[in-house]
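Okay, start_12.cif now, which holds mmCIF, C-alpha atoms:
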```
data_structure
#
loop_
_atom_site.label_atom_id
_atom_site.label_comp_id
_atom_site.auth_asym_id
_atom_site.auth_seq_id
_atom_site.Cartn_x
_atom_site.Cartn_y
_atom_site.Cartn_z
CA MET A 22 -107.16 148.51 94.32
CA ARG A 23 -105.98 151.80 95.83
CA LYS A 24 -105.01 153.11 92.39
CA CYS A 25 -108.15 152.13 90.45
CA GLY A 26 -110.76 151.92 93.19
CA TRP A 27 -112.05 155.44 92.79
CA PHE A 28 -112.87 155.15 89.05
CA VAL A 29 -113.42 151.44 88.23
CA ARG A 30 -116.84 150.71 86.69
CA GLU A 31 -116.99 146.98 87.38
CA LEU A 32 -115.61 145.23 90.46
CA ARG A 33 -115.87 141.51 91.15
CA VAL A 34 -113.97 140.17 94.17
CA GLU A 35 -113.82 136.70 95.69
CA PHE A 36 -112.24 136.35 99.12
CA ALA A 37 -110.77 132.82 99.15
CA ALA A 38 -109.89 131.70 102.67
CA GLU A 39 -107.31 129.13 101.56
CA ASN A 40 -105.13 131.94 100.20
CA TYR A 41 -104.94 133.89 103.45
CA LEU A 42 -102.55 131.72 105.40
CA SER A 43 -98.88 132.53 105.68
CA GLY A 44 -96.22 129.84 105.57
CA GLY A 45 -98.15 127.42 103.37
CA GLY A 46 -101.23 127.18 105.56
CA GLY A 47 -101.42 123.38 105.76
CA PRO A 48 -103.42 121.68 108.51
CA GLY A 49 -100.25 121.17 110.54
CA ASP A 50 -99.18 124.80 110.23
CA GLY A 51 -99.50 126.23 113.70
CA GLY A 52 -99.16 129.81 112.54
CA GLY A 53 -97.04 130.62 115.57
CA ALA A 54 -98.54 128.15 118.05
CA ASP A 55 -96.29 126.72 120.76
CA SER A 56 -94.68 123.68 119.12
CA GLY A 57 -93.98 122.25 122.53
CA THR A 58 -97.63 121.59 123.22
CA GLY A 59 -98.43 117.95 122.49
CA GLY A 60 -101.38 115.71 121.73
CA GLU A 61 -104.92 116.81 120.95
CA GLU A 62 -104.56 120.00 122.96
CA GLY A 63 -101.61 121.07 120.79
CA GLU A 64 -103.48 120.26 117.55
CA ALA A 65 -106.51 122.24 118.76
CA LEU A 66 -104.28 125.21 119.58
CA GLN A 67 -102.61 125.07 116.17
CA LEU A 68 -105.96 124.87 114.38
CA SER A 69 -107.33 127.70 116.49
CA THR A 70 -104.35 129.93 115.68
CA ARG A 71 -104.56 129.04 112.01
CA TRP A 72 -108.22 130.01 111.61
CA LEU A 73 -107.85 133.13 113.71
CA GLU A 74 -105.25 134.23 111.18
CA VAL A 75 -107.68 133.51 108.33
CA LEU A 76 -110.40 135.56 109.99
CA ARG A 77 -108.05 138.45 110.77
CA THR A 78 -106.74 138.55 107.18
CA TYR A 79 -110.27 138.34 105.79
CA LEU A 80 -111.39 141.41 107.74
CA GLU A 81 -108.29 143.37 106.70
CA LEU A 82 -108.79 142.54 103.02
CA VAL A 83 -112.48 143.44 103.08
CA LEU A 84 -111.65 146.78 104.67
CA CYS A 85 -108.94 147.40 102.06
CA VAL A 86 -111.35 146.78 99.16
CA LEU A 87 -114.21 148.84 100.61
CA VAL A 88 -111.99 151.80 101.57
CA SER A 89 -110.57 151.93 98.04
CA ILE A 90 -114.01 152.33 96.42
CA ARG A 91 -115.87 154.30 99.08
CA ASN A 92 -115.93 157.48 96.92
CA ASN A 93 -116.47 155.76 93.58
CA ARG A 94 -119.50 157.24 91.81
CA ASN A 95 -118.82 155.44 88.51
CA LEU A 96 -119.39 151.92 89.88
CA GLN A 97 -121.96 150.06 87.77
CA LYS A 98 -121.36 146.45 88.74
CA PHE A 99 -120.35 145.48 92.28
CA SER A 100 -119.93 141.82 93.21
CA LEU A 101 -118.48 140.36 96.42
CA PHE A 102 -118.16 136.74 97.50
CA GLY A 103 -116.71 135.61 100.84
CA ASP A 104 -115.53 132.04 101.33
CA ILE A 105 -116.45 132.03 105.01
CA SER A 106 -118.06 128.57 104.75
CA VAL A 107 -114.54 127.15 105.06
CA LEU A 108 -114.41 128.56 108.55
CA GLN A 109 -117.89 127.30 109.35
CA GLN A 110 -116.93 123.77 108.35
CA GLN A 111 -114.00 123.91 110.74
CA GLY A 112 -116.37 124.90 113.54
CA SER A 113 -114.17 127.90 114.24
CA LEU A 114 -116.38 130.77 113.16
CA SER A 115 -118.21 131.78 116.32
CA ASN A 116 -118.75 134.86 118.42
CA THR A 117 -115.84 133.74 120.59
CA TYR A 118 -113.40 133.67 117.69
CA LEU A 119 -114.71 136.88 116.16
CA SER A 120 -114.41 138.64 119.50
CA LYS A 121 -110.73 137.66 119.66
CA VAL A 122 -110.02 139.15 116.23
CA ASP A 123 -112.33 142.16 116.63
CA PRO A 124 -112.83 142.46 120.41
CA ASP A 125 -114.83 145.69 120.40
CA GLY A 126 -116.61 145.05 117.07
CA LYS A 127 -115.06 148.16 115.51
CA LYS A 128 -113.88 146.44 112.33
CA ILE A 129 -117.25 144.82 111.69
CA LYS A 130 -119.01 148.13 112.30
CA GLN A 131 -116.58 149.92 110.00
CA ILE A 132 -117.14 147.32 107.26
CA GLN A 133 -120.91 147.70 107.50
CA GLN A 134 -120.67 151.50 107.42
CA LEU A 135 -118.31 151.46 104.43
CA PHE A 136 -120.64 149.16 102.51
CA GLU A 137 -123.60 151.45 103.19
CA GLU A 138 -121.47 154.49 102.27
CA ILE A 139 -120.62 152.89 98.90
CA LEU A 140 -124.32 152.27 98.26
CA SER A 141 -125.31 155.80 99.24
CA ASN A 142 -122.56 157.33 97.03
CA SER A 143 -123.44 155.26 93.98
CA ARG A 144 -124.90 157.09 90.98
CA GLN A 145 -124.76 154.46 88.24
CA LEU A 146 -125.07 151.12 90.06
CA LYS A 147 -127.01 148.52 88.04
CA TRP A 148 -125.71 145.26 89.53
CA LEU A 149 -125.28 144.54 93.23
CA SER A 150 -124.25 141.09 94.33
CA CYS A 151 -123.07 140.09 97.79
CA GLY A 152 -122.75 136.44 98.78
CA PHE A 153 -121.75 134.92 102.11
CA MET A 154 -119.73 137.92 103.24
CA LEU A 155 -119.34 137.74 107.01
CA GLU A 156 -121.22 140.54 108.78
CA ILE A 157 -121.16 142.94 105.82
CA VAL A 158 -124.83 143.12 104.78
CA THR A 159 -127.48 143.86 107.37
CA PRO A 160 -131.28 143.97 107.04
CA THR A 161 -131.00 147.78 106.76
CA SER A 162 -128.14 147.99 104.21
CA LEU A 163 -130.35 148.49 101.15
CA SER A 164 -132.02 151.53 102.69
CA SER A 165 -128.73 153.36 101.91
CA LEU A 166 -129.53 153.19 98.20
CA SER A 167 -131.30 156.27 96.87
CA ASN A 168 -134.70 155.75 95.23
CA SER A 169 -133.30 156.73 91.84
CA ILE A 170 -130.65 153.99 92.00
CA ALA A 171 -133.01 151.38 93.44
CA ASN A 172 -135.49 152.18 90.66
CA THR A 173 -132.90 151.48 87.94
CA MET A 174 -131.12 148.47 89.48
CA GLU A 175 -131.17 145.48 87.11
CA HIS A 176 -129.64 142.72 89.26
CA LEU A 177 -129.76 142.11 93.00
CA SER A 178 -128.37 139.14 94.91
CA LEU A 179 -128.05 139.05 98.68
CA LEU A 180 -127.08 135.71 100.18
CA ASP A 181 -126.04 134.95 103.73
CA ASN A 182 -127.09 131.85 105.66
CA ASN A 183 -125.60 133.30 108.86
CA ILE A 184 -128.49 135.71 109.45
CA PRO A 185 -130.11 134.59 112.73
CA GLY A 186 -133.73 133.71 113.33
CA ASN A 187 -136.31 135.20 111.00
CA SER A 188 -134.14 138.16 109.91
CA THR A 189 -133.90 138.70 106.16
CA LEU A 190 -131.60 140.87 104.07
CA ILE A 191 -134.47 142.26 101.99
CA THR A 192 -138.20 142.53 102.62
CA ALA A 193 -141.12 142.67 100.21
CA ILE A 194 -141.62 146.34 101.08
CA GLU A 195 -137.99 147.12 100.20
CA LEU A 196 -138.33 145.14 96.96
CA GLU A 197 -141.10 147.50 95.83
CA ARG A 198 -138.42 150.12 95.03
CA PHE A 199 -136.59 147.79 92.63
CA VAL A 200 -139.00 148.16 89.73
CA ASN A 201 -136.41 147.50 87.01
CA LEU A 202 -135.01 144.18 88.26
CA ARG A 203 -134.23 141.66 85.54
CA SER A 204 -132.56 139.12 87.84
CA LEU A 205 -132.78 138.32 91.54
CA ALA A 206 -130.96 135.84 93.81
CA LEU A 207 -132.00 135.09 97.39
CA ASP A 208 -132.13 132.47 100.08
CA PHE A 209 -135.26 130.45 99.29
CA CYS A 210 -136.67 131.02 102.79
CA ASP A 211 -136.46 134.78 102.18
CA PHE A 212 -138.39 134.59 98.91
CA THR A 213 -141.94 134.92 100.22
CA ALA A 214 -145.38 134.90 98.66
CA GLU A 215 -145.56 138.65 99.23
CA MET A 216 -142.32 139.12 97.29
CA ALA A 217 -143.75 137.12 94.40
CA ARG A 218 -146.82 139.37 94.47
CA VAL A 219 -144.65 142.52 94.39
CA LEU A 220 -142.75 141.22 91.35
CA THR A 221 -146.01 140.78 89.43
CA ASP A 222 -147.10 144.41 90.00
CA SER A 223 -147.70 146.37 86.81
CA ASN A 224 -144.99 148.93 87.65
CA HIS A 225 -142.28 146.23 87.72
CA VAL A 226 -140.53 145.06 84.57
CA PRO A 227 -140.78 141.30 83.96
CA LEU A 228 -138.22 139.32 85.97
CA GLN A 229 -136.02 137.17 83.70
CA ARG A 230 -133.85 135.16 86.11
CA LEU A 231 -134.49 133.98 89.67
CA SER A 232 -131.83 132.04 91.60
CA LEU A 233 -132.78 130.46 94.92
CA LEU A 234 -130.54 128.69 97.45
CA VAL A 235 -132.33 126.21 99.69
CA HIS A 236 -129.92 125.57 102.56
CA ASN A 237 -130.56 123.24 105.47
CA VAL A 238 -129.31 125.91 107.91
CA SER A 239 -131.96 128.35 106.71
CA VAL A 240 -134.71 125.74 106.69
CA MET A 241 -133.83 124.82 110.28
CA HIS A 242 -134.02 128.41 111.55
CA LYS A 243 -136.63 129.88 109.26
CA SER A 244 -139.94 128.70 107.92
CA LEU A 245 -141.21 127.45 104.58
CA ASP A 246 -144.74 128.55 105.49
CA ASN A 247 -144.43 131.91 103.71
CA MET A 248 -143.07 130.61 100.41
CA PRO A 249 -145.02 131.24 97.17
CA ASN A 250 -147.76 128.77 96.32
CA ASP A 251 -148.47 127.49 92.84
CA GLU A 252 -150.81 130.39 92.03
CA HIS A 253 -148.02 132.86 92.79
CA TRP A 254 -145.70 131.01 90.40
CA LYS A 255 -148.38 131.00 87.71
CA ALA A 256 -148.79 134.78 88.11
CA LEU A 257 -145.00 135.29 87.87
CA SER A 258 -144.85 133.19 84.71
CA ARG A 259 -147.73 135.12 83.17
CA LYS A 260 -145.96 138.39 83.97
CA SER A 261 -142.79 137.15 82.29
CA THR A 262 -143.00 134.27 79.85
CA SER A 263 -139.18 134.22 79.69
CA LEU A 264 -138.69 133.82 83.46
CA ARG A 265 -136.33 130.95 84.31
CA VAL A 266 -135.45 129.65 87.78
CA TYR A 267 -132.25 128.11 89.16
CA ILE A 268 -132.45 126.21 92.47
CA MET A 269 -129.65 124.71 94.51
CA ALA A 270 -130.71 122.50 97.41
CA PHE A 271 -128.15 121.65 100.08
CA ASP A 272 -128.96 118.74 102.42
CA ILE A 273 -132.72 119.22 102.11
CA LYS A 274 -135.09 116.44 103.16
CA SER A 275 -137.39 114.91 100.55
CA GLU A 276 -140.52 116.03 102.38
CA ASP A 277 -139.32 119.63 102.26
CA MET A 278 -138.42 119.36 98.57
CA LEU A 279 -141.93 118.11 97.84
CA LYS A 280 -143.28 121.32 99.42
CA ILE A 281 -140.84 123.51 97.51
CA LEU A 282 -141.19 122.07 94.01
CA LYS A 283 -144.43 123.68 92.89
CA PRO A 284 -145.63 122.51 89.44
CA SER A 285 -145.66 126.00 87.87
CA ILE A 286 -142.04 126.96 88.66
CA PRO A 287 -140.26 127.55 85.31
CA LEU A 288 -137.31 125.53 86.59
CA GLU A 289 -134.36 125.53 84.19
CA ARG A 290 -131.53 124.41 86.48
CA ILE A 291 -131.45 122.37 89.67
CA HIS A 292 -128.47 121.26 91.72
CA PHE A 293 -128.66 118.88 94.68
CA ASP A 294 -125.65 118.83 96.99
CA SER A 295 -125.45 116.86 100.20
CA TYR A 296 -123.31 115.41 102.92
CA ILE A 297 -126.11 113.79 104.89
CA THR A 298 -129.48 113.83 103.09
CA CYS A 299 -129.71 111.98 99.78
CA VAL A 300 -132.15 112.75 96.99
CA SER A 301 -134.84 110.13 96.42
CA GLY A 302 -135.86 108.59 93.11
CA ALA A 303 -139.35 110.02 93.68
CA ILE A 304 -137.95 113.58 93.67
CA VAL A 305 -136.04 112.99 90.42
CA ASP A 306 -139.18 111.49 88.87
CA LEU A 307 -141.26 114.49 90.00
CA ILE A 308 -138.76 116.93 88.48
CA SER A 309 -138.73 115.11 85.14
CA ARG A 310 -142.56 115.18 84.98
CA GLN A 311 -143.13 118.77 86.14
CA TYR A 312 -140.27 120.61 84.42
CA ASP A 313 -139.84 118.66 81.18
CA LYS A 314 -140.36 121.82 79.06
CA PHE A 315 -137.74 123.91 80.92
CA LEU A 316 -135.02 121.79 82.53
CA THR A 317 -131.54 122.15 80.96
CA HIS A 318 -129.18 121.50 83.92
CA PHE A 319 -129.45 118.65 86.44
CA ILE A 320 -126.71 118.07 89.02
CA LEU A 321 -126.55 115.40 91.73
CA MET A 322 -123.68 115.61 94.21
CA ASN A 323 -123.41 113.37 97.27
CA ASP A 324 -120.14 113.95 99.14
CA VAL A 325 -120.21 110.82 101.25
CA ILE A 326 -117.04 109.61 102.94
CA ASP A 327 -117.94 105.91 102.60
CA THR A 328 -117.93 105.13 98.85
CA SER A 329 -118.90 101.47 99.34
CA GLY A 330 -122.63 102.08 99.33
CA PHE A 331 -123.87 104.87 97.06
CA PRO A 332 -127.67 105.27 96.98
CA ASP A 333 -129.35 103.72 93.95
CA LEU A 334 -132.16 105.88 92.55
CA SER A 335 -133.48 102.99 90.45
CA ASP A 336 -133.82 100.66 93.43
CA ASN A 337 -137.20 98.85 93.36
CA ARG A 338 -138.31 100.77 90.25
CA ASN A 339 -139.21 99.45 86.81
CA GLU A 340 -137.59 102.44 85.12
CA ASP A 341 -134.51 104.33 86.24
CA PRO A 342 -135.47 107.94 87.19
CA LEU A 343 -132.37 109.34 85.47
CA VAL A 344 -133.25 107.58 82.20
CA LEU A 345 -136.79 108.96 82.46
CA LEU A 346 -135.32 112.41 83.09
CA ALA A 347 -133.29 112.14 79.89
CA TRP A 348 -136.35 110.93 77.98
CA ARG A 349 -138.82 113.54 79.23
CA CYS A 350 -136.61 116.63 79.51
CA THR A 351 -135.91 117.31 75.85
CA LYS A 352 -133.87 120.47 76.57
CA LEU A 353 -131.46 118.75 78.97
CA SER A 354 -127.93 119.85 78.06
CA LEU A 355 -125.96 119.18 81.28
CA LEU A 356 -126.09 116.15 83.56
CA ALA A 357 -123.49 115.72 86.32
CA ILE A 358 -123.55 112.95 88.93
CA HIS A 359 -121.33 111.96 91.82
CA GLY A 360 -122.11 109.81 94.86
CA TYR A 361 -125.15 108.02 93.39
CA THR A 362 -125.08 104.63 91.68
CA VAL A 363 -125.39 104.96 87.91
CA TRP A 364 -125.72 101.62 86.11
CA ALA A 365 -123.68 101.34 82.93
CA HIS A 366 -126.61 100.27 80.75
CA ASN A 367 -128.65 103.24 82.01
CA LEU A 368 -125.79 105.61 81.21
CA ILE A 369 -125.74 104.26 77.65
CA ALA A 370 -129.52 104.75 77.43
CA ILE A 371 -129.20 108.38 78.61
CA ALA A 372 -126.53 109.08 75.96
CA ARG A 373 -128.68 107.56 73.21
CA LEU A 374 -131.83 109.40 74.30
CA ARG A 375 -130.28 112.87 74.43
CA GLY A 376 -127.56 112.41 71.82
CA SER A 377 -125.51 115.43 70.83
CA ASP A 378 -127.96 117.77 72.58
CA LEU A 379 -126.46 116.61 75.89
CA LYS A 380 -123.39 118.86 75.78
CA VAL A 381 -122.03 117.84 79.20
CA LEU A 382 -122.34 114.36 80.74
CA GLU A 383 -120.12 114.06 83.80
CA VAL A 384 -120.23 110.95 85.98
CA THR A 385 -117.44 110.00 88.39
CA GLU A 386 -115.88 106.60 87.87
CA GLU A 387 -116.74 105.39 91.37
CA SER A 388 -120.43 106.17 90.75
CA ILE A 389 -120.68 103.75 87.79
CA ASP A 390 -121.66 100.14 88.39
CA PHE A 391 -122.13 97.14 86.10
CA ASP A 392 -124.71 94.38 86.38
CA GLN A 393 -123.58 90.77 86.65
CA GLY A 394 -124.41 89.98 83.02
CA GLU A 395 -122.05 92.67 81.74
CA LEU A 396 -119.26 91.50 84.04
CA ALA A 397 -119.77 87.81 83.14
CA ASP A 398 -119.31 88.35 79.39
CA GLN A 399 -115.72 87.24 78.77
CA ASP A 400 -115.70 88.53 75.18
CA VAL A 401 -116.41 92.17 76.02
CA ASP A 402 -114.52 94.56 78.29
CA PRO A 403 -117.42 96.28 80.12
CA VAL A 404 -115.52 99.53 80.71
CA HIS A 405 -114.35 99.79 77.09
CA ASN A 406 -117.87 98.96 75.87
CA LEU A 407 -119.37 101.64 78.11
CA ILE A 408 -116.97 104.31 76.83
CA GLU A 409 -117.58 103.28 73.22
CA GLN A 410 -121.39 103.16 73.47
CA VAL A 411 -121.75 106.43 75.39
CA SER A 412 -119.39 108.18 72.95
CA LEU A 413 -121.45 106.88 70.01
CA GLY A 414 -124.67 108.01 71.67
CA LEU A 415 -123.38 111.53 72.37
CA GLY A 416 -121.62 111.84 69.02
CA GLN A 417 -118.40 112.89 70.74
CA PRO A 418 -115.58 111.25 72.75
CA TRP A 419 -116.62 110.53 76.33
CA HIS A 420 -115.05 109.00 79.42
CA ALA A 421 -115.92 108.83 83.10
CA VAL A 422 -114.49 111.45 85.43
CA MET A 423 -111.56 109.71 87.10
CA ASP A 424 -110.95 112.28 89.81
CA ILE A 425 -113.83 114.05 91.57
CA GLU A 426 -111.82 117.26 91.61
CA SER A 427 -111.96 117.25 87.80
CA LEU A 428 -115.75 117.65 87.88
CA SER A 429 -116.80 121.03 86.52
CA VAL A 430 -119.17 121.36 89.48
CA PHE A 431 -116.65 120.23 92.08
CA THR A 432 -116.23 123.18 94.37
CA GLU A 433 -117.55 124.34 97.72
CA PRO A 434 -121.39 124.50 97.33
CA ASN A 435 -121.84 128.17 98.23
CA ARG A 436 -119.10 129.19 95.83
CA HIS A 437 -120.52 127.05 93.02
CA PHE A 438 -123.99 128.49 93.53
CA TYR A 439 -122.66 132.03 93.54
CA ARG A 440 -120.64 131.59 90.34
CA GLU A 441 -123.42 129.72 88.56
CA MET A 442 -125.94 132.35 89.65
CA GLN A 443 -123.73 135.09 88.20
CA ASN A 444 -123.48 133.31 84.84
CA PHE A 445 -127.19 132.46 84.87
CA SER A 446 -128.14 136.08 85.60
CA GLU A 447 -125.78 137.51 82.98
CA ASP A 448 -127.24 135.22 80.32
CA ILE A 449 -130.28 137.40 79.54
#
```
Re-express the file's structure as structure tokens.
Amino acid sequence: MRKCGWFVRELRVEFAAENYLSGGGGPGDGGGADSGTGGEEGEALQLSTRWLEVLRTYLELVLCVLVSIRNNRNLQKFSLFGDISVLQQQGSLSNTYLSKVDPDGKKIKQIQQLFEEILSNSRQLKWLSCGFMLEIVTPTSLSSLSNSIANTMEHLSLLDNNIPGNSTLITAIELERFVNLRSLALDFCDFTAEMARVLTDSNHVPLQRLSLLVHNVSVMHKSLDNMPNDEHWKALSRKSTSLRVYIMAFDIKSEDMLKILKPSIPLERIHFDSYITCVSGAIVDLISRQYDKFLTHFILMNDVIDTSGFPDLSDNRNEDPLVLLAWRCTKLSLLAIHGYTVWAHNLIAIARLRGSDLKVLEVTEESIDFDQGELADQDVDPVHNLIEQVSLGLGQPWHAVMDIESLSVFTEPNRHFYREMQNFSEDI
């Protein structure tokens, strides 16, 4: 980085927390904790020491990267992702822990100043993407960009569900400067009706890609009251007939999804991920009816610990919502499911309906169930029959995903959204 930082034109960095630990970094690695301490108190001390090391290393690496490019005027594409959600899941990322690593806040302040210095020094920047980077982007960061650079920026993504209260990383007024945006990625709660109006102004080029993350943390602390209504979405679609939207919803209640899913959204990709809140069959049915002309990617992930009782979307319904999705959404090319019951006969129906147009069909083995009639037939092996029939339907060899970690979408949700958003935005 020190050698090439001053002239590199494209920089894409992911800070992966699991790589920061010395000595293997396993859960039992105390990272220098007193091995004589026993019981729960000792484990807590070891975990505390371990994650303090992660946080300290993270700050040092961020500083190293930013210092190396601070004077780079050739930078055209700048992309940063920080895997800080790992720390959040451990419950260790708090003001208390941060104050131990950076007691006077000097490192955080230096990081923020370096980021703004990079923006102010840029002369050719077209792509700016910053996702889940701890304390790096502030609500005033974008003001460091000159008008000439803001006017020619083609992609902007600012994502951080740690921003407190009603604070946002970009406002509608700030967005007015970005008249040449082709793609945009934001927290859904930050994408307001006023922003939608700005993007339809005559001096803005048509937006091609819009990626929105609906996170339960944001919904809890912010409001959905200012989101675009259906008329705003219609205006956006009229402005750009090629606009496509990607939404990822993380642990969002069905009543909130019903508010969010306006009929006129040109929704191409949707990904549901949850630990607590499951998607209902009514939501899947609504999606298949409203977005049948656009939808290409549909992902259902339910990371439950108890695998004995997956939710059944077809429960008390004449038709399975997933089969209806495959029937109605004629452009569907990717369907991935884990943690929801998928009946074998419905999986065969989906394969036959979409055929070779369904390029990716990923269903984990533990999600597949068989009805009693299939299991009672002594002459047919139900698993072999399923594999054979689905393969025939798709026109290519198929098998269930045996290990959840083999799923193409199996990764930490923020990271998956960020990577998918990058690919989605680049595909213009």
Checklist entry - Quick one, how far is atom CA of A:Ala421 from atom CA of A:Glu386? => result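 Pair atom CA of A:Ala421 / atom CA of A:Glu386 returns 5.3 Å.
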Next on the checklist: For a cutoff of 7 Å around the file-coordinate point (-128.1, 155.6, 96.5), which residues qualify once you count only C-alpha atoms? I'd like the result as a VMD selection string.
Outcome noted: chain A and resid 140 to 144 165 to 168 170
Item to check | Result set, the PyMOL selection byres ((chain A and resi 278) around 12) on current file, as a ChimeraX atom specification | outcome: /A:209,235-237,240,245,268-277,279-283,291,293,298-301,303-305,307-308
Checklist entry - With all atoms listed in the file as the basis for distance, which of A:Leu119, A:Val404, A:Ala365, A:Leu32 is at the shortest distance from A:Asp390? => result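 For A:Asp390, the nearest of the candidates is A:Ala365.
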Here's the selection I'm unsure about, the PyMOL selection byres ((chain A and resi 265) around 10); applied to the file above, which residues does it give, as a JSON list (two decimals) with C-alpha atoms, in the coordinates of the input?
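Resulting contents of out_37.json:
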```json
[["chain", "number", "residue", "atom", "x", "y", "z"],
["A", 204, "SER", "CA", -132.56, 139.12, 87.84],
["A", 228, "LEU", "CA", -138.22, 139.32, 85.97],
["A", 229, "GLN", "CA", -136.02, 137.17, 83.70],
["A", 230, "ARG", "CA", -133.85, 135.16, 86.11],
["A", 231, "LEU", "CA", -134.49, 133.98, 89.67],
["A", 232, "SER", "CA", -131.83, 132.04, 91.60],
["A", 258, "SER", "CA", -144.85, 133.19, 84.71],
["A", 261, "SER", "CA", -142.79, 137.15, 82.29],
["A", 262, "THR", "CA", -143.00, 134.27, 79.85],
["A", 263, "SER", "CA", -139.18, 134.22, 79.69],
["A", 264, "LEU", "CA", -138.69, 133.82, 83.46],
["A", 266, "VAL", "CA", -135.45, 129.65, 87.78],
["A", 267, "TYR", "CA", -132.25, 128.11, 89.16],
["A", 286, "ILE", "CA", -142.04, 126.96, 88.66],
["A", 287, "PRO", "CA", -140.26, 127.55, 85.31],
["A", 288, "LEU", "CA", -137.31, 125.53, 86.59],
["A", 289, "GLU", "CA", -134.36, 125.53, 84.19],
["A", 290, "ARG", "CA", -131.53, 124.41, 86.48],
["A", 315, "PHE", "CA", -137.74, 123.91, 80.92],
["A", 316, "LEU", "CA", -135.02, 121.79, 82.53],
["A", 445, "PHE", "CA", -127.19, 132.46, 84.87],
["A", 446, "SER", "CA", -128.14, 136.08, 85.60]]
```
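Minimum atom-to-atom distance to A:Phe199, evaluated using only C-alpha atoms, belongs to A:Val226 out of A:Val226, A:Leu374, A:Leu135, A:Ala217.
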